[in-house]
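Enquirer: Let me give you the structure first, and then I'll get to my questions.
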Amino acid sequence: MVSQEQRRRQLAREKFLRQQQRRTSARRKSRMRNSVIASVLGVVVIGSVALYTTGVMKNGDDKKTNAAADVTPSASPTKKAPDPCEKPAKGSVKKLSWKKEPAMTIDTSAKYTMKLATTCGDIDIDLKASAAPHTVNSFDFLAGKGFFDHTKCHRLVTNGIYVLQCGDPTGTGSGGPGYTIPDENLKDKSLKGNKYPAGTVAMANTGQKHTGGSQFFLVYKDSPLPPSYTPFGTVGKAGLKVLDKIAAAGENTGQGDGAPNATVVINKATVTKS
């Protein structure tokens with residue numbers, strides 16, 4: 001026969017065991033929850049670093065570098081707008097690569113312009129030969145070799161920053177000419193308050209110094225960016241209208257950073273000295 005005291009102690013022990021089991025279960029659940037949170041945060045951090053490295057302007061030499069830490073995804077996908085551009089001209093992208101930057105051949109005291117004849121309209125750019133000689137010399141060389149012809153503008157950012165990125169022969173964000181050029185003109189008077197004004201044409205890079213290649217971006221609306229991307233040209237009013245048309249068609253993710261819905265192909269790039 002169990003005494004009242006023994007029964008009381010037995011009930012107390014059972015109550016204690018139940019409490020211990022609940023605490024153990026709670027700790028296990030807490031560890032699992034924290035593990036999941038840590039994993040999610042890890043993915044977010046890694047993703048953020050990747051976006052920052054691409055920046056706007058990630059050039060392909062960093063194994064899929066673009067845009068952008070400055071981009072905040074929109075709340076929901078947008079409906080795809082009609083393609084406002086024409087079909088690309090017949091032809092294919094040339095597979096060209098060089099081991100080193102081309103020798104300097106431009107006249108830095110002369111005026112240079114670049115014309116991008118695209119499927120969406122012509123974009124004329126005044127180049128800054130004296131302020132960014134290596135960059136302009138490289139574009140003069142590449143355009144002369146047909147490097148940009150038939151290439152897609154592979155990236156459009158419509159949220160946070162406002163840019164169209166082009167110049168990758170692979171169309172993936174990971175291509176380049178095989179060489180890099182130095183950063184230039186980072187103290188350009190147009191870059192005030194960490195802002196690249198509408199009409200700016202600047203180099204993409206990997207997030208590291210002196211890693212520009214062939215990828216560049218055209219700013220169609222004032223964009224907050226640190227002065228880390230070589231500004232080497234300015235788009236005229238007619239060209240800005242073309243960029244606005246491309247931007248209005250949106251990009252394919254609905255999140256503000258993806259391939260343009262418009263079929264943006266550079267049929268021909270030409271650099272002219274005058």
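So you can find residues: chains in the structure tokens are A, B, ... in the order shown, residues in each start at 1, and ligands are numbered from 1 in order.
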Do a neighbour search on segment 228-238 of chain A at 9 Å with only C-alpha atoms, toss out local chain neighbours closer than 2 positions, and write the hits as a VMD selection string.
Expert: chain A and resid 57 113 to 114 121 to 129 131 to 133 135 to 136 182 to 186 188 191 196 198 to 205 207 to 209 212 218 to 220 225 to 226 240 to 243
Enquirer: Could you check the closest approach to Ser138 of chain A for each of A:Ala262, A:Ala247, A:Leu96, A:Met104 and tell me which residue wins, using only C-alpha atoms?
Expert: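 Of all the options, A:Met104 lies closest to Ser138 of chain A.
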Enquirer: Quick one: DSSP helix (DSSP H, G or I) residues in segment 218-273 of chain A, as a list in words?
Expert: Lys237, Ala238, Gly239, Leu240, Lys241, Val242, Leu243, Asp244, Lys245, Ile246, Ala247 and Ala248 of chain A
Enquirer: Taking the DSSP secondary structure from the backbone, can you list the residues of segment 172-247 of chain A that are strand (DSSP E or B), as a ChimeraX atom specification?
Expert: /A:181,195-196,200-203,205,212,216-219,223-224,231-235
Enquirer: Quick one: everything within 8 Å of segment 149-156 of chain A, counting only C-alpha atoms, minus sequence neighbours fewer than 2 positions away in the same chain. Send it as a PyMOL selection string.
Expert: chain A and resi 66+88-89+91-94+143+146-147+158+162-173+247+250-251+256-260+263-269
